Amino acid sequence: MSYMFPASYAWGNFSVLAVGIWAIVQRDSLDAIVMFLAGLLLTVLTDIIHVSLFYPPNNYLTDTKRFSIGMAIFSLLLKPVSCYLVYRMYRERGGEYTFNIGVARGGQDRSTYESIDQQDASPQWPDSSKTAQQPY
(Lines give C-alpha, C1' and ligand atoms only; values in the text may rest on other atoms or scores of the structure.)
Protein backbone atom coordinates (compact mmCIF):
# COMPACT_ATOMS: atom_id res chain seq x y z
CA MET A 1 0.00 0.00 0.00
CA SER A 2 2.87 2.37 0.59
CA TYR A 3 3.75 2.33 -3.11
CA MET A 4 0.21 3.13 -4.28
CA PHE A 5 -2.05 4.89 -1.84
CA PRO A 6 -1.55 7.72 0.63
CA ALA A 7 -1.51 7.10 4.36
CA SER A 8 -5.20 8.04 4.66
CA TYR A 9 -6.18 4.78 2.93
CA ALA A 10 -4.34 2.66 5.47
CA TRP A 11 -5.43 4.76 8.48
CA GLY A 12 -9.08 4.61 7.44
CA ASN A 13 -9.17 0.87 6.86
CA PHE A 14 -7.11 -0.03 9.93
CA SER A 15 -9.22 2.18 12.20
CA VAL A 16 -12.40 0.48 10.93
CA LEU A 17 -10.69 -2.85 11.56
CA ALA A 18 -9.97 -1.78 15.15
CA VAL A 19 -13.60 -0.73 15.67
CA GLY A 20 -14.67 -4.08 14.21
CA ILE A 21 -12.55 -5.96 16.72
CA TRP A 22 -14.09 -3.85 19.48
CA ALA A 23 -17.59 -4.65 18.16
CA ILE A 24 -16.88 -8.37 18.14
CA VAL A 25 -15.37 -8.41 21.64
CA GLN A 26 -18.20 -6.42 23.27
CA ARG A 27 -21.20 -8.53 22.37
CA ASP A 28 -23.71 -6.44 24.31
CA SER A 29 -22.80 -3.08 22.80
CA LEU A 30 -25.01 -1.76 20.03
CA ASP A 31 -22.93 1.40 19.73
CA ALA A 32 -19.85 -0.55 18.71
CA ILE A 33 -21.68 -2.41 15.97
CA VAL A 34 -23.29 0.78 14.66
CA MET A 35 -19.91 2.50 14.56
CA PHE A 36 -18.44 -0.49 12.73
CA LEU A 37 -21.26 -0.48 10.18
CA ALA A 38 -20.96 3.28 9.65
CA GLY A 39 -17.19 2.95 9.28
CA LEU A 40 -17.56 0.18 6.70
CA LEU A 41 -20.00 2.27 4.69
CA LEU A 42 -17.70 5.28 4.87
CA THR A 43 -14.66 3.28 3.77
CA VAL A 44 -16.57 2.00 0.74
CA LEU A 45 -16.87 5.60 -0.41
CA THR A 46 -13.28 6.54 0.45
CA ASP A 47 -11.89 3.38 -1.17
CA ILE A 48 -13.65 4.23 -4.41
CA ILE A 49 -12.16 7.71 -4.27
CA HIS A 50 -8.65 6.42 -3.48
CA VAL A 51 -8.67 3.82 -6.25
CA SER A 52 -10.02 6.24 -8.83
CA LEU A 53 -7.60 9.06 -7.94
CA PHE A 54 -4.41 7.07 -7.45
CA TYR A 55 -4.68 4.48 -10.22
CA PRO A 56 -1.42 4.74 -12.17
CA PRO A 57 -1.13 4.90 -15.95
CA ASN A 58 -0.29 1.66 -17.76
CA ASN A 59 3.35 2.56 -18.44
CA TYR A 60 3.97 3.04 -14.66
CA LEU A 61 2.10 -0.08 -13.57
CA THR A 62 4.57 -2.47 -11.94
CA ASP A 63 3.74 -5.87 -10.48
CA THR A 64 3.70 -4.48 -6.94
CA LYS A 65 1.30 -1.70 -7.91
CA ARG A 66 -0.89 -4.10 -9.86
CA PHE A 67 -1.10 -6.39 -6.81
CA SER A 68 -1.89 -3.44 -4.50
CA ILE A 69 -4.67 -2.25 -6.79
CA GLY A 70 -6.02 -5.78 -7.12
CA MET A 71 -6.19 -6.27 -3.37
CA ALA A 72 -7.80 -2.85 -2.88
CA ILE A 73 -10.47 -3.67 -5.45
CA PHE A 74 -11.00 -7.11 -3.91
CA SER A 75 -11.40 -5.50 -0.49
CA LEU A 76 -13.84 -3.01 -1.97
CA LEU A 77 -15.90 -5.81 -3.52
CA LEU A 78 -16.09 -7.69 -0.20
CA LYS A 79 -17.20 -4.68 1.85
CA PRO A 80 -20.91 -4.82 0.85
CA VAL A 81 -20.98 -8.45 1.98
CA SER A 82 -19.32 -7.41 5.24
CA CYS A 83 -21.87 -4.61 5.66
CA TYR A 84 -24.71 -7.09 5.25
CA LEU A 85 -23.21 -9.49 7.79
CA VAL A 86 -22.59 -6.68 10.28
CA TYR A 87 -26.18 -5.49 9.81
CA ARG A 88 -27.44 -9.01 10.56
CA MET A 89 -25.27 -9.05 13.68
CA TYR A 90 -26.78 -5.69 14.66
CA ARG A 91 -30.31 -7.11 14.29
CA GLU A 92 -29.39 -10.21 16.32
CA ARG A 93 -28.19 -8.03 19.17
CA GLY A 94 -31.56 -6.34 19.38
CA GLY A 95 -30.96 -3.30 17.24
CA GLU A 96 -33.74 -1.90 15.14
CA TYR A 97 -33.26 0.41 12.23
CA THR A 98 -35.94 3.08 12.29
CA PHE A 99 -36.02 5.89 9.80
CA ASN A 100 -38.49 8.45 11.06
CA ILE A 101 -39.26 11.42 8.86
CA GLY A 102 -42.21 12.62 10.93
CA VAL A 103 -44.96 10.66 9.21
CA ALA A 104 -46.93 8.40 11.52
CA ARG A 105 -47.15 4.80 10.48
CA GLY A 106 -50.69 3.58 9.91
CA GLY A 107 -50.19 0.02 11.05
CA GLN A 108 -49.50 0.63 14.73
CA ASP A 109 -51.80 -1.19 17.13
CA ARG A 110 -52.56 0.94 20.15
CA SER A 111 -55.30 -1.22 21.68
CA THR A 112 -53.09 -2.39 24.56
CA TYR A 113 -52.21 1.13 25.70
CA GLU A 114 -54.15 2.97 28.38
CA SER A 115 -54.43 6.71 28.45
CA ILE A 116 -53.05 8.36 31.58
CA ASP A 117 -54.71 11.68 30.81
CA GLN A 118 -58.15 10.65 32.09
CA GLN A 119 -58.62 11.43 35.78
CA ASP A 120 -62.16 10.03 36.12
CA ALA A 121 -61.36 6.57 34.78
CA SER A 122 -62.46 3.66 36.89
CA PRO A 123 -59.69 2.14 39.01
CA GLN A 124 -58.15 -1.08 37.83
CA TRP A 125 -58.41 -2.76 41.25
CA PRO A 126 -61.57 -2.64 43.38
CA ASP A 127 -61.46 -0.87 46.73
CA SER A 128 -60.86 -3.51 49.42
CA SER A 129 -62.88 -1.63 52.08
CA LYS A 130 -66.08 -1.74 50.01
CA THR A 131 -65.86 -5.37 48.92
CA ALA A 132 -64.97 -6.88 52.29
CA GLN A 133 -68.44 -6.87 53.91
CA GLN A 134 -69.43 -9.01 56.84
CA PRO A 135 -71.87 -11.82 56.13
CA TYR A 136 -75.33 -11.55 57.88
# chains A, B, ... in the order shown; residues from 1 in each chain; ligands from 1
$ select_by_dssp --residues "range 9-110 of chain A" --states "alpha helix (DSSP H)" --output "PyMOL selection string"
chain A and resi 9-25+30-54+63-92
$ closest_residue --among "A:Val44, A:Asp117, A:Leu76, A:Glu92" --to "Asp28 in chain A" --atoms "only C-alpha atoms"
A:Glu92
$ atom_distance --atom1 "CA of Phe14 in chain A" --atom2 "CA of Ala38 in chain A"
14.2 Å
$ residues_around --residues "Val34 in chain A" --least-positions-apart "2" --cutoff "10 Å" --atoms "only C-alpha atoms" --output "ChimeraX atom specification"
/A:19-20,23,29-32,36-40,86-87,90,95
$ residues_around --residues "range 58-73 of chain A" --least-positions-apart "2" --cutoff "7 Å" --atoms "only C-alpha atoms" --output "list of chain:residue names"
A:Met1, A:Tyr3, A:Met4, A:Pro56, A:Ser75, A:Leu76, A:Leu77
$ atom_distance --atom1 "CA of Ile24 in chain A" --atom2 "CA of Asp47 in chain A"
23.1 Å
$ atom_distance --atom1 "CA of Gln26 in chain A" --atom2 "CA of Ala7 in chain A"
28.6 Å
$ closest_residue --among "A:Pro80, A:Ile116, A:Thr43, A:Arg88" --to "Ser8 in chain A" --atoms "only C-alpha atoms"
A:Thr43
